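As stored in my_file03.pdb (PDB, C-alpha atoms):
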```
MODEL        1
ATOM      1  CA  MET A   1     -28.173  23.657  18.785
ATOM      2  CA  ALA A   2     -25.087  24.059  20.952
ATOM      3  CA  ASP A   3     -22.141  21.792  20.185
ATOM      4  CA  ASP A   4     -21.968  18.653  22.283
ATOM      5  CA  PRO A   5     -18.468  18.717  23.872
ATOM      6  CA  GLN A   6     -18.580  14.986  24.575
ATOM      7  CA  ARG A   7     -19.385  14.244  20.928
ATOM      8  CA  ASN A   8     -16.625  16.588  19.750
ATOM      9  CA  PHE A   9     -14.136  14.865  22.050
ATOM     10  CA  ARG A  10     -15.247  11.488  20.734
ATOM     11  CA  SER A  11     -14.891  12.606  17.112
ATOM     12  CA  ALA A  12     -11.415  13.989  17.767
ATOM     13  CA  TYR A  13     -10.408  10.743  19.465
ATOM     14  CA  TYR A  14     -11.691   8.566  16.615
ATOM     15  CA  GLU A  15      -9.931  10.738  14.052
ATOM     16  CA  LYS A  16      -6.695  10.330  15.996
ATOM     17  CA  VAL A  17      -6.911   6.540  16.096
ATOM     18  CA  GLY A  18      -7.660   6.076  12.440
ATOM     19  CA  PHE A  19     -11.043   7.313  11.269
ATOM     20  CA  ARG A  20     -12.672  10.670  11.229
ATOM     21  CA  GLY A  21     -15.805  10.028  13.207
ATOM     22  CA  VAL A  22     -18.328   7.618  14.557
ATOM     23  CA  GLU A  23     -20.525   8.231  11.525
ATOM     24  CA  GLU A  24     -17.910   6.843   9.129
ATOM     25  CA  LYS A  25     -17.395   3.741  11.269
ATOM     26  CA  LYS A  26     -21.144   3.146  11.403
ATOM     27  CA  SER A  27     -21.404   3.658   7.644
ATOM     28  CA  LEU A  28     -18.763   0.996   7.055
ATOM     29  CA  GLU A  29     -20.465  -1.415   9.452
ATOM     30  CA  ILE A  30     -23.702  -0.974   7.498
ATOM     31  CA  LEU A  31     -21.874  -1.664   4.221
ATOM     32  CA  LEU A  32     -20.324  -4.810   5.704
ATOM     33  CA  LYS A  33     -23.787  -6.140   6.596
ATOM     34  CA  ASP A  34     -24.841  -6.210   2.941
ATOM     35  CA  ASN A  35     -25.062  -9.647   1.369
ATOM     36  CA  PRO A  36     -23.667  -9.662  -1.219
ATOM     37  CA  LEU A  37     -21.209  -6.922  -0.358
ATOM     38  CA  ASP A  38     -21.236  -3.948  -2.722
ATOM     39  CA  LEU A  39     -17.605  -3.749  -3.909
ATOM     40  CA  GLU A  40     -18.150  -0.371  -5.546
ATOM     41  CA  LYS A  41     -19.424   1.169  -2.315
ATOM     42  CA  LEU A  42     -16.617  -0.428  -0.288
ATOM     43  CA  SER A  43     -14.060   0.941  -2.746
ATOM     44  CA  THR A  44     -15.612   4.406  -2.611
ATOM     45  CA  PHE A  45     -15.615   4.355   1.187
ATOM     46  CA  SER A  46     -11.946   3.307   1.261
ATOM     47  CA  GLN A  47     -11.086   6.095  -1.174
ATOM     48  CA  ARG A  48     -12.851   8.754   0.876
ATOM     49  CA  PHE A  49     -12.070   7.682   4.442
ATOM     50  CA  PRO A  50      -9.320   5.847   6.335
ATOM     51  CA  LEU A  51     -10.341   2.294   7.173
ATOM     52  CA  PRO A  52     -10.736   1.505  10.891
ATOM     53  CA  SER A  53      -7.964  -0.886  11.873
ATOM     54  CA  MET A  54     -10.475  -3.460  13.162
ATOM     55  CA  TYR A  55     -11.988  -3.837   9.673
ATOM     56  CA  ARG A  56      -8.983  -3.091   7.450
ATOM     57  CA  ILE A  57      -7.779  -6.642   6.709
ATOM     58  CA  HIS A  58     -11.311  -7.899   6.078
ATOM     59  CA  VAL A  59     -12.021  -5.072   3.620
ATOM     60  CA  TRP A  60      -8.676  -5.630   1.879
ATOM     61  CA  LYS A  61      -9.458  -9.345   1.485
ATOM     62  CA  VAL A  62     -12.837  -8.566  -0.065
ATOM     63  CA  LEU A  63     -11.525  -5.843  -2.399
ATOM     64  CA  LEU A  64      -8.619  -8.056  -3.518
ATOM     65  CA  GLY A  65     -10.947 -10.976  -4.270
ATOM     66  CA  ILE A  66      -9.535 -13.245  -1.571
ATOM     67  CA  LEU A  67     -13.033 -13.443  -0.111
ATOM     68  CA  PRO A  68     -16.154 -13.331  -2.318
ATOM     69  CA  PRO A  69     -18.877 -10.662  -2.061
ATOM     70  CA  HIS A  70     -21.297 -13.195  -0.551
ATOM     71  CA  SER A  71     -20.616 -13.006   3.184
ATOM     72  CA  ASP A  72     -22.187 -16.378   3.918
ATOM     73  CA  SER A  73     -19.418 -18.025   1.852
ATOM     74  CA  HIS A  74     -16.519 -16.371   3.693
ATOM     75  CA  ALA A  75     -15.873 -19.216   6.142
ATOM     76  CA  LEU A  76     -15.966 -21.844   3.380
ATOM     77  CA  VAL A  77     -13.716 -19.880   1.019
ATOM     78  CA  GLY A  78     -11.357 -19.028   3.884
ATOM     79  CA  GLY A  79     -11.009 -22.766   4.512
ATOM     80  CA  TYR A  80     -10.200 -23.394   0.842
ATOM     81  CA  ARG A  81      -7.556 -20.642   0.911
ATOM     82  CA  LYS A  82      -5.920 -22.275   3.916
ATOM     83  CA  GLU A  83      -5.943 -25.725   2.266
ATOM     84  CA  GLN A  84      -4.420 -24.310  -0.925
ATOM     85  CA  TYR A  85      -1.715 -22.560   1.106
ATOM     86  CA  GLN A  86      -0.829 -25.825   2.866
ATOM     87  CA  ASP A  87      -0.780 -27.777  -0.416
ATOM     88  CA  ILE A  88       1.620 -25.306  -2.061
ATOM     89  CA  LEU A  89       3.802 -25.217   1.049
ATOM     90  CA  GLU A  90       4.077 -29.008   1.179
ATOM     91  CA  ALA A  91       4.843 -29.206  -2.558
ATOM     92  CA  LEU A  92       7.739 -26.773  -2.180
ATOM     93  CA  GLU A  93       9.066 -28.724   0.813
ATOM     94  CA  VAL A  94       8.951 -32.001  -1.130
ATOM     95  CA  MET A  95      10.772 -30.344  -4.067
ATOM     96  CA  ARG A  96      13.317 -28.968  -1.559
ATOM     97  CA  TYR A  97      12.844 -25.327  -2.504
ATOM     98  CA  ILE A  98      12.160 -24.461   1.125
ATOM     99  CA  ASN A  99      12.837 -25.899   4.557
ATOM    100  CA  SER A 100      12.200 -24.999   8.173
ATOM    101  CA  SER A 101      14.910 -22.317   8.138
ATOM    102  CA  THR A 102      13.698 -20.525   4.981
ATOM    103  CA  PRO A 103      12.582 -16.955   5.828
ATOM    104  CA  SER A 104       8.821 -16.639   5.544
ATOM    105  CA  THR A 105       9.031 -13.890   2.921
ATOM    106  CA  HIS A 106      11.148 -16.165   0.709
ATOM    107  CA  VAL A 107       8.579 -18.918   1.254
ATOM    108  CA  TYR A 108       5.880 -16.540  -0.030
ATOM    109  CA  LEU A 109       8.051 -15.720  -3.051
ATOM    110  CA  ARG A 110       8.505 -19.384  -3.961
ATOM    111  CA  MET A 111       4.783 -20.012  -3.486
ATOM    112  CA  PHE A 112       3.992 -17.054  -5.721
ATOM    113  CA  GLN A 113       6.441 -18.294  -8.360
ATOM    114  CA  LEU A 114       4.986 -21.806  -8.263
ATOM    115  CA  GLU A 115       1.434 -20.507  -8.682
ATOM    116  CA  SER A 116       2.416 -18.123 -11.479
ATOM    117  CA  GLN A 117       4.520 -20.830 -13.201
ATOM    118  CA  THR A 118       7.743 -18.821 -12.887
ATOM    119  CA  LEU A 119       9.501 -21.066 -10.372
ATOM    120  CA  PRO A 120      13.145 -21.497 -11.468
ATOM    121  CA  ARG A 121      14.821 -24.880 -11.561
ATOM    122  CA  CYS A 122      16.198 -25.810  -8.161
ATOM    123  CA  SER A 123      19.715 -25.950  -9.623
ATOM    124  CA  GLU A 124      19.266 -22.480 -11.154
ATOM    125  CA  THR A 125      18.096 -20.587  -8.092
ATOM    126  CA  SER A 126      19.995 -17.354  -7.655
ATOM    127  CA  PRO A 127      19.767 -14.252  -5.467
ATOM    128  CA  PRO A 128      16.456 -12.392  -5.989
ATOM    129  CA  ASP A 129      16.445  -9.981  -8.921
ATOM    130  CA  GLU A 130      14.896  -6.507  -8.748
ATOM    131  CA  GLU A 131      11.358  -7.690  -9.434
ATOM    132  CA  ASN A 132      11.676 -10.338  -6.734
ATOM    133  CA  GLU A 133      13.031  -7.715  -4.334
ATOM    134  CA  ASP A 134       9.868  -5.685  -4.939
ATOM    135  CA  PHE A 135       7.806  -8.719  -3.929
ATOM    136  CA  LEU A 136       9.977  -9.389  -0.869
ATOM    137  CA  SER A 137       9.763  -5.765   0.293
ATOM    138  CA  ILE A 138       5.968  -5.806   0.061
ATOM    139  CA  SER A 139       5.954  -9.169   1.871
ATOM    140  CA  ARG A 140       8.102  -7.847   4.720
ATOM    141  CA  ALA A 141       5.784  -4.858   5.150
ATOM    142  CA  MET A 142       2.652  -7.018   5.004
ATOM    143  CA  GLU A 143       4.095  -9.312   7.688
ATOM    144  CA  GLU A 144       4.211  -6.324  10.033
ATOM    145  CA  ILE A 145       0.538  -5.589   9.348
ATOM    146  CA  VAL A 146      -0.908  -9.134   9.303
ATOM    147  CA  ASP A 147      -0.185 -11.809  11.897
ATOM    148  CA  ASP A 148      -1.562 -14.899  10.169
ATOM    149  CA  PRO A 149       0.820 -16.340   7.516
ATOM    150  CA  VAL A 150      -2.047 -17.659   5.378
ATOM    151  CA  ASP A 151      -3.684 -14.234   5.247
ATOM    152  CA  CYS A 152      -0.294 -12.623   4.700
ATOM    153  CA  TYR A 153       0.508 -14.762   1.663
ATOM    154  CA  TRP A 154      -2.868 -14.260   0.024
ATOM    155  CA  LEU A 155      -2.798 -10.510   0.653
ATOM    156  CA  VAL A 156       0.710 -10.149  -0.786
ATOM    157  CA  LYS A 157      -0.066 -12.326  -3.793
ATOM    158  CA  CYS A 158      -3.341 -10.604  -4.659
ATOM    159  CA  PHE A 159      -1.985  -7.130  -3.897
ATOM    160  CA  VAL A 160       0.969  -7.653  -6.262
ATOM    161  CA  ASN A 161      -1.206  -9.248  -8.958
ATOM    162  CA  GLN A 162      -3.843  -6.523  -8.762
ATOM    163  CA  TYR A 163      -1.231  -3.765  -8.805
ATOM    164  CA  HIS A 164       0.461  -5.117 -11.927
ATOM    165  CA  THR A 165      -2.827  -5.897 -13.681
ATOM    166  CA  LYS A 166      -4.589  -2.614 -12.909
ATOM    167  CA  PHE A 167      -1.712  -0.185 -12.882
ATOM    168  CA  GLY A 168       1.106  -1.805 -14.844
ATOM    169  CA  ASP A 169       0.659   0.624 -17.747
ATOM    170  CA  SER A 170       0.356   3.658 -15.446
ATOM    171  CA  VAL A 171       3.357   3.104 -13.155
ATOM    172  CA  PRO A 172       6.010   4.194 -15.714
ATOM    173  CA  HIS A 173       4.217   7.554 -16.021
ATOM    174  CA  LEU A 174       4.082   8.308 -12.281
ATOM    175  CA  PRO A 175       7.503  10.090 -12.170
ATOM    176  CA  LYS A 176       6.309  12.544 -14.839
ATOM    177  CA  SER A 177       3.096  13.066 -12.872
ATOM    178  CA  LEU A 178       5.157  13.794  -9.753
ATOM    179  CA  GLU A 179       7.192  16.361 -11.689
ATOM    180  CA  HIS A 180       3.984  18.068 -12.838
ATOM    181  CA  TYR A 181       2.500  18.387  -9.345
ATOM    182  CA  LEU A 182       5.821  19.488  -7.878
ATOM    183  CA  SER A 183       5.909  22.284 -10.468
ATOM    184  CA  GLN A 184       2.516  23.403  -9.137
ATOM    185  CA  GLU A 185       3.413  23.205  -5.461
ATOM    186  CA  GLU A 186       7.121  24.073  -5.222
ATOM    187  CA  PRO A 187       8.786  25.057  -8.524
ATOM    188  CA  ARG A 188      11.990  26.172  -6.772
ATOM    189  CA  LEU A 189      12.519  22.694  -5.373
ATOM    190  CA  LEU A 190      11.791  21.167  -8.769
ATOM    191  CA  ASN A 191      14.411  23.406 -10.393
ATOM    192  CA  HIS A 192      16.941  22.503  -7.705
ATOM    193  CA  LEU A 193      16.363  18.781  -8.259
ATOM    194  CA  LYS A 194      16.723  19.256 -12.016
ATOM    195  CA  ASN A 195      19.845  21.393 -11.788
ATOM    196  CA  SER A 196      21.545  19.047  -9.328
ATOM    197  CA  GLY A 197      20.792  16.042 -11.534
ATOM    198  CA  ALA A 198      18.735  14.410  -8.765
ATOM    199  CA  LEU A 199      15.293  14.513 -10.399
ATOM    200  CA  HIS A 200      15.789  11.443 -12.579
ATOM    201  CA  GLN A 201      17.568   9.537  -9.814
ATOM    202  CA  LEU A 202      14.846   9.820  -7.171
ATOM    203  CA  PRO A 203      13.964   6.430  -5.594
ATOM    204  CA  TYR A 204      11.051   5.788  -7.952
ATOM    205  CA  ASN A 205      11.293   1.996  -7.573
ATOM    206  CA  LEU A 206      10.967   2.304  -3.805
ATOM    207  CA  TRP A 207       8.044   4.686  -4.140
ATOM    208  CA  PHE A 208       6.120   3.376  -7.114
ATOM    209  CA  ARG A 209       7.110  -0.273  -7.653
ATOM    210  CA  ARG A 210       7.180  -1.186  -3.954
ATOM    211  CA  CYS A 211       4.360   1.205  -2.984
ATOM    212  CA  PHE A 212       6.574   2.694  -0.217
ATOM    213  CA  ALA A 213       7.214  -0.698   1.416
ATOM    214  CA  GLY A 214      10.525  -0.306   3.221
ATOM    215  CA  CYS A 215      10.196   3.479   3.176
ATOM    216  CA  LEU A 216       7.234   4.213   5.450
ATOM    217  CA  PRO A 217       6.520   2.466   8.765
ATOM    218  CA  GLU A 218       3.568   0.116   8.540
ATOM    219  CA  SER A 219       1.302   2.349  10.678
ATOM    220  CA  SER A 220       1.511   4.975   7.921
ATOM    221  CA  LEU A 221       1.904   2.583   5.006
ATOM    222  CA  GLN A 222      -1.410   0.807   5.562
ATOM    223  CA  ARG A 223      -3.297   4.099   5.108
ATOM    224  CA  VAL A 224      -1.623   4.500   1.706
ATOM    225  CA  TRP A 225      -2.375   0.903   0.758
ATOM    226  CA  ASP A 226      -6.065   1.481   1.628
ATOM    227  CA  LYS A 227      -6.169   3.806  -1.371
ATOM    228  CA  VAL A 228      -4.105   1.592  -3.689
ATOM    229  CA  ILE A 229      -6.173  -1.520  -2.939
ATOM    230  CA  SER A 230      -9.431   0.384  -3.411
ATOM    231  CA  GLY A 231      -8.436   1.664  -6.841
ATOM    232  CA  SER A 232      -5.860   4.486  -6.913
ATOM    233  CA  CYS A 233      -2.166   4.258  -7.649
ATOM    234  CA  LYS A 234      -2.033   8.042  -8.045
ATOM    235  CA  ILE A 235      -2.027   8.387  -4.243
ATOM    236  CA  LEU A 236       1.605   7.196  -4.477
ATOM    237  CA  VAL A 237       2.470  10.344  -6.443
ATOM    238  CA  PHE A 238       1.080  12.570  -3.708
ATOM    239  CA  VAL A 239       2.883  10.685  -0.940
ATOM    240  CA  ALA A 240       6.142  11.176  -2.857
ATOM    241  CA  LEU A 241       5.209  14.821  -3.429
ATOM    242  CA  GLU A 242       4.516  15.434   0.245
ATOM    243  CA  ILE A 243       7.806  13.772   1.250
ATOM    244  CA  LEU A 244       9.616  16.227  -1.063
ATOM    245  CA  LEU A 245       7.621  19.178   0.283
ATOM    246  CA  SER A 246       8.099  18.180   3.924
ATOM    247  CA  TYR A 247      11.876  18.003   3.551
ATOM    248  CA  LYS A 248      12.358  20.757   0.972
ATOM    249  CA  ILE A 249      14.708  22.792   3.181
ATOM    250  CA  MET A 250      16.900  19.754   3.737
ATOM    251  CA  LEU A 251      16.794  18.821   0.031
ATOM    252  CA  MET A 252      17.553  22.353  -1.125
ATOM    253  CA  GLY A 253      20.794  22.121   0.851
ATOM    254  CA  ILE A 254      21.962  18.914  -0.857
ATOM    255  CA  ASN A 255      23.695  19.472  -4.187
ATOM    256  CA  ARG A 256      24.742  15.954  -5.132
ATOM    257  CA  PRO A 257      22.107  13.519  -6.478
ATOM    258  CA  GLU A 258      23.452  10.586  -4.451
ATOM    259  CA  GLY A 259      22.989  12.645  -1.269
ATOM    260  CA  VAL A 260      19.364  13.370  -2.195
ATOM    261  CA  VAL A 261      18.686   9.704  -2.920
ATOM    262  CA  ARG A 262      20.401   8.559   0.279
ATOM    263  CA  PHE A 263      18.255  10.914   2.355
ATOM    264  CA  LEU A 264      14.970  10.000   0.609
ATOM    265  CA  CYS A 265      15.630   6.273   1.001
ATOM    266  CA  ASN A 266      16.034   6.766   4.770
ATOM    267  CA  ILE A 267      13.579   9.487   5.707
ATOM    268  CA  PRO A 268      12.931  10.090   9.439
ATOM    269  CA  GLN A 269      10.166   7.781  10.658
ATOM    270  CA  GLU A 270       8.594   9.966  13.335
ATOM    271  CA  ASN A 271       6.781  12.348  10.959
ATOM    272  CA  THR A 272       5.285   9.924   8.459
ATOM    273  CA  ASP A 273       1.690   9.951   9.757
ATOM    274  CA  ALA A 274       1.525  13.700   9.171
ATOM    275  CA  ILE A 275       3.096  13.261   5.723
ATOM    276  CA  VAL A 276       0.486  10.680   4.714
ATOM    277  CA  THR A 277      -2.362  12.847   6.040
ATOM    278  CA  LYS A 278      -1.117  15.846   4.043
ATOM    279  CA  ALA A 279      -0.580  13.632   0.986
ATOM    280  CA  ILE A 280      -4.191  12.428   1.121
ATOM    281  CA  ASP A 281      -5.341  16.059   1.436
ATOM    282  CA  LEU A 282      -3.297  16.990  -1.655
ATOM    283  CA  TRP A 283      -4.734  13.991  -3.496
ATOM    284  CA  HIS A 284      -8.244  15.177  -2.623
ATOM    285  CA  LYS A 285      -7.351  18.715  -3.697
ATOM    286  CA  TYR A 286      -6.212  17.682  -7.168
ATOM    287  CA  SER A 287      -8.710  14.857  -7.660
ATOM    288  CA  GLY A 288     -11.765  16.916  -6.741
ATOM    289  CA  THR A 289     -14.755  14.694  -6.036
ATOM    290  CA  LEU A 290     -13.172  11.315  -5.555
ATOM    291  CA  ILE A 291     -13.932   8.724  -8.138
ATOM    292  CA  HIS A 292     -11.862   5.697  -8.917
ATOM    293  CA  ALA A 293      -8.867   7.637 -10.093
ATOM    294  CA  ILE A 294      -5.786   5.927 -11.440
TER     295      ILE A 294
ENDMDL
END
```

structure tokens encoding of this file:
Amino acid sequence: MADDPQRNFRSAYYEKVGFRGVEEKKSLEILLKDNPLDLEKLSTFSQRFPLPSMYRIHVWKVLLGILPPHSDSHALVGGYRKEQYQDILEALEVMRYINSSTPSTHVYLRMFQLESQTLPRCSETSPPDEENEDFLSISRAMEEIVDDPVDCYWLVKCFVNQYHTKFGDSVPHLPKSLEHYLSQEEPRLLNHLKNSGALHQLPYNLWFRRCFAGCLPESSLQRVWDKVISGSCKILVFVALEILLSYKIMLMGINRPEGVVRFLCNIPQENTDAIVTKAIDLWHKYSGTLIHAI
């Protein structure tokens, strides 16, 4: 049968705007009609394909446990989430931890601390430490992706909790994993980073603790977070790897570690979609048939 040019055009268009073809979108819509939702199938879909933007937040909320698998309970549970958000907000206002001028990301941090029983005494509040800065960075990025503050708080909270619970033991090993894959893809660059003293000073916290929040623009970042939320923190290694590969000529010309770090913390923003696409391809290449990899 001859190729249908209209169908090919449509497929190319859908791939450009966020998913590879009509078939994938239809497959997701079928999955979302299940009651209860099959979390394993939703995770597998999110690992294999980019999520269409119109369904992304809903799928994230289901995979993070903000909404239950039973679709007929979503409205009820969504109402409970909103009530809980308001209750925590009002409690913090009464205790004078927040007021009308408190930045929303700091409000989320205080709410998170109250719920996790780590809220400091009001008289002992101090500038955010490194762990709190990780939370704030993820919150700032999530605010750019999600409009509703209730959804934003729950997504940040559950994303951070899931990441630490699922991947807390794996995160310290990600730099070594990056070194391994870089040795496979570009050993000359690896040797340069070692010899210049930059390898152990790469911005690992930005990449692996903050999941590239504050590094990638949100249009690219959300495609990475699709994979993290659906079960893989190893995608972060391949995003870091592809950043190094994409700018290897620039990096090879920098001989001081602080120069390397300065550049990598402020990479150009116009090429990040291509970097993420190539990173996902590399991830597929080394993962083989995708399962729920680390």

inquiry  = I need the output of the PyMOL selection byres ((chain A and resi 273) around 12) for this file as a PyMOL selection string; which residues are they?
reply    = chain A and resi 16-18+216-224+239+242-243+246+268-272+274-280

Best match for closeness to Leu136 in chain A among A:Trp154, A:Ser116, A:Leu92, A:Arg210, counting only C-alpha atoms = A:Arg210

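Minimum atom-to-atom distances from A:Asn255, A:Leu109, A:Val150, A:Pro172 to Tyr80 in chain A were compared using all atoms listed in the file, and the lowest value belongs to A:Val150.
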
key: Distance of CA of Lys25 in chain A from CA of Ile145 in chain A, expressed in Å to one decimal place   = 20.3 Å

Need to verify the contact set: Lys82 in chain A, 10 Å, only C-alpha atoms, exclusion of same-chain residues closer than 3 positions in sequence. Can you return it as a PDB file with C-alpha atoms, in the coordinates of the input?
```
ATOM      1  CA  VAL A  77     -13.716 -19.880   1.019  1.00  0.00           C
ATOM      2  CA  GLY A  78     -11.357 -19.028   3.884  1.00  0.00           C
ATOM      3  CA  GLY A  79     -11.009 -22.766   4.512  1.00  0.00           C
ATOM      4  CA  TYR A  85      -1.715 -22.560   1.106  1.00  0.00           C
ATOM      5  CA  GLN A  86      -0.829 -25.825   2.866  1.00  0.00           C
ATOM      6  CA  ASP A  87      -0.780 -27.777  -0.416  1.00  0.00           C
ATOM      7  CA  PRO A 149       0.820 -16.340   7.516  1.00  0.00           C
ATOM      8  CA  VAL A 150      -2.047 -17.659   5.378  1.00  0.00           C
ATOM      9  CA  ASP A 151      -3.684 -14.234   5.247  1.00  0.00           C
ATOM     10  CA  TRP A 154      -2.868 -14.260   0.024  1.00  0.00           C
TER      11      TRP A 154
END
```

note = Using only C-alpha atoms, the shortest atom-to-atom distance to Pro68 in chain A among A:Val171, A:Leu31, A:Met54, A:Leu37 belongs to A:Leu37

message = Please expand the PyMOL selection byres ((chain A and resi 39) around 10) into the concrete residues it hits in this file, giving the result as a count of residues only.
response = 18

note = Counting all atoms listed in the file, the residue among A:Phe263, A:Phe112, A:Trp207, A:Phe212 that lies closest to Asn161 in chain A is A:Phe112

query = With all atoms listed in the file as the atoms that count, which of A:Ala240, A:Asp226, A:Gly197, A:Gln84 lies nearest to Pro50 in chain A?
reply =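 Checking each of A:Ala240, A:Asp226, A:Gly197, A:Gln84 against Pro50 in chain A, counting all atoms listed in the file, the winner is A:Asp226.
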
ask   = Between CA of Gln184 in chain A and CA of Lys166 in chain A, what is the spacing in Å?
value =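 Interatomic distance here is 27.2 Å.
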
key: Interatomic distance, CA of Lys227 in chain A to CA of Gln47 in chain A (Å, one decimal)   =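 Taking CA of Lys227 in chain A as the start and CA of Gln47 in chain A as the end point, the length is 5.4 Å.
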
Set up a box along x, y and z of the file covering all listed atoms of range 144-162 of chain A, add 8 Å on every one of the six sides, and write the centre and edge lengths in Å to one decimal, as AutoDock Vina command-line options.
```
--center_x 0.2 --center_y -11.6 --center_z 1.5 --size_x 24.1 --size_y 28.1 --size_z 36.9
```

Pop range 77-84 of chain A out of the structure in the block and write all heavy atoms as a PDB file, in the first residue's frame.
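Wrote out_38.pdb, looks like this:
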```pdb
ATOM      1  N   VAL A  77     -11.644  12.621  45.838  1.00  0.00           N
ATOM      2  CA  VAL A  77     -10.295  12.704  46.397  1.00  0.00           C
ATOM      3  C   VAL A  77      -9.672  14.071  46.088  1.00  0.00           C
ATOM      4  O   VAL A  77      -9.002  14.669  46.937  1.00  0.00           O
ATOM      5  CB  VAL A  77      -9.407  11.562  45.864  1.00  0.00           C
ATOM      6  CG1 VAL A  77      -7.946  11.749  46.289  1.00  0.00           C
ATOM      7  CG2 VAL A  77      -9.927  10.218  46.351  1.00  0.00           C
ATOM      8  N   GLY A  78      -9.943  14.584  44.881  1.00  0.00           N
ATOM      9  CA  GLY A  78      -9.456  15.922  44.541  1.00  0.00           C
ATOM     10  C   GLY A  78      -9.990  16.967  45.497  1.00  0.00           C
ATOM     11  O   GLY A  78      -9.267  17.896  45.887  1.00  0.00           O
ATOM     12  N   GLY A  79     -11.252  16.812  45.907  1.00  0.00           N
ATOM     13  CA  GLY A  79     -11.844  17.727  46.893  1.00  0.00           C
ATOM     14  C   GLY A  79     -11.161  17.624  48.242  1.00  0.00           C
ATOM     15  O   GLY A  79     -10.887  18.637  48.907  1.00  0.00           O
ATOM     16  N   TYR A  80     -10.849  16.390  48.668  1.00  0.00           N
ATOM     17  CA  TYR A  80     -10.138  16.197  49.937  1.00  0.00           C
ATOM     18  C   TYR A  80      -8.749  16.839  49.892  1.00  0.00           C
ATOM     19  O   TYR A  80      -8.295  17.443  50.873  1.00  0.00           O
ATOM     20  CB  TYR A  80      -9.982  14.704  50.242  1.00  0.00           C
ATOM     21  CG  TYR A  80     -11.259  14.000  50.609  1.00  0.00           C
ATOM     22  CD1 TYR A  80     -11.428  12.632  50.367  1.00  0.00           C
ATOM     23  CD2 TYR A  80     -12.312  14.685  51.219  1.00  0.00           C
ATOM     24  CE1 TYR A  80     -12.601  11.974  50.706  1.00  0.00           C
ATOM     25  CE2 TYR A  80     -13.491  14.042  51.557  1.00  0.00           C
ATOM     26  CZ  TYR A  80     -13.630  12.678  51.295  1.00  0.00           C
ATOM     27  OH  TYR A  80     -14.801  12.038  51.632  1.00  0.00           O
ATOM     28  N   ARG A  81      -8.067  16.687  48.756  1.00  0.00           N
ATOM     29  CA  ARG A  81      -6.723  17.271  48.615  1.00  0.00           C
ATOM     30  C   ARG A  81      -6.789  18.794  48.757  1.00  0.00           C
ATOM     31  O   ARG A  81      -5.929  19.412  49.396  1.00  0.00           O
ATOM     32  CB  ARG A  81      -6.123  16.911  47.250  1.00  0.00           C
ATOM     33  CG  ARG A  81      -5.896  15.433  46.997  1.00  0.00           C
ATOM     34  CD  ARG A  81      -4.900  14.827  47.937  1.00  0.00           C
ATOM     35  NE  ARG A  81      -4.529  13.478  47.553  1.00  0.00           N
ATOM     36  CZ  ARG A  81      -3.927  12.607  48.354  1.00  0.00           C
ATOM     37  NH1 ARG A  81      -3.619  12.958  49.594  1.00  0.00           N
ATOM     38  NH2 ARG A  81      -3.609  11.402  47.930  1.00  0.00           N
ATOM     39  N   LYS A  82      -7.821  19.384  48.175  1.00  0.00           N
ATOM     40  CA  LYS A  82      -7.972  20.833  48.255  1.00  0.00           C
ATOM     41  C   LYS A  82      -8.260  21.271  49.692  1.00  0.00           C
ATOM     42  O   LYS A  82      -7.689  22.263  50.180  1.00  0.00           O
ATOM     43  CB  LYS A  82      -9.100  21.292  47.327  1.00  0.00           C
ATOM     44  CG  LYS A  82      -9.210  22.801  47.193  1.00  0.00           C
ATOM     45  CD  LYS A  82     -10.182  23.185  46.093  1.00  0.00           C
ATOM     46  CE  LYS A  82     -10.191  24.698  45.904  1.00  0.00           C
ATOM     47  NZ  LYS A  82     -11.063  25.101  44.766  1.00  0.00           N
ATOM     48  N   GLU A  83      -9.123  20.528  50.384  1.00  0.00           N
ATOM     49  CA  GLU A  83      -9.444  20.854  51.785  1.00  0.00           C
ATOM     50  C   GLU A  83      -8.196  20.743  52.663  1.00  0.00           C
ATOM     51  O   GLU A  83      -7.949  21.602  53.524  1.00  0.00           O
ATOM     52  CB  GLU A  83     -10.529  19.907  52.306  1.00  0.00           C
ATOM     53  CG  GLU A  83     -11.919  20.184  51.741  1.00  0.00           C
ATOM     54  CD  GLU A  83     -12.933  19.151  52.210  1.00  0.00           C
ATOM     55  OE1 GLU A  83     -12.632  18.404  53.173  1.00  0.00           O
ATOM     56  OE2 GLU A  83     -14.027  19.078  51.614  1.00  0.00           O
ATOM     57  N   GLN A  84      -7.410  19.689  52.441  1.00  0.00           N
ATOM     58  CA  GLN A  84      -6.198  19.499  53.244  1.00  0.00           C
ATOM     59  C   GLN A  84      -5.209  20.641  52.998  1.00  0.00           C
ATOM     60  O   GLN A  84      -4.593  21.153  53.929  1.00  0.00           O
ATOM     61  CB  GLN A  84      -5.555  18.153  52.902  1.00  0.00           C
ATOM     62  CG  GLN A  84      -4.400  17.779  53.814  1.00  0.00           C
ATOM     63  CD  GLN A  84      -3.884  16.375  53.535  1.00  0.00           C
ATOM     64  OE1 GLN A  84      -4.519  15.583  52.850  1.00  0.00           O
ATOM     65  NE2 GLN A  84      -2.701  16.064  54.062  1.00  0.00           N
TER      66      GLN A  84
END
```
